[in-house]
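Participant: Mind having a look at this structure? Questions to follow.
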Amino acid sequence: MKKAAGGIEQKYGIGTTLCVAACAGQAWREKKPVWDRQRCFKCGMCWLACPDAAVRPVDQGFYDSDPERCKGCGMCAAVCWNDAITMAPEKV
Ligand code: SF4
Ligand code: SF4
């Protein structure tokens, strides 16, 4: 079996058709980030921290996430120093 970066066994391959299909629509995501504009200082730390480039700038210098790219990992919420991002349940 092929080894991916870090020695992880690569069963299907990052970026292959199977990999992309598995992520399509993020149907498995359990949580999603929700921004509170009252607490956001527009510093961009969440944008820099997202490992999937899912945080995107929107109107007036604020940010939100692209639901097609977001994996729900919570990194954006973890780095926000003013608690402007809450990880909310995907389905309510
Ligand atoms: S890290 Fe927090 S304060 Fe900074 S832009 Fe993101 S949400 Fe706003
Ligand atoms: S939850 Fe993770 S993948 Fe989604 S926007 Fe935040 S850092 Fe990016």
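Each chain in the structure tokens gets a letter, A, B, ..., in the order shown, and its residues are numbered from 1; ligands are numbered from 1 in order too.
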Using only C-alpha atoms and all ligand atoms, find each protein or nucleic acid residue lying at most 10 Å from ligand 2; present the set as a ChimeraX atom specification.

Facilitator: /A:29,31-34,46-56,63-79,85-88

Participant: Hey, which residues sit close to ligand 1? Say within 7 Å, counting only C-alpha atoms and all ligand atoms, and write them as a PyMOL selection string.

Facilitator: chain A and resi 35+39-47+62-63+76+79-85
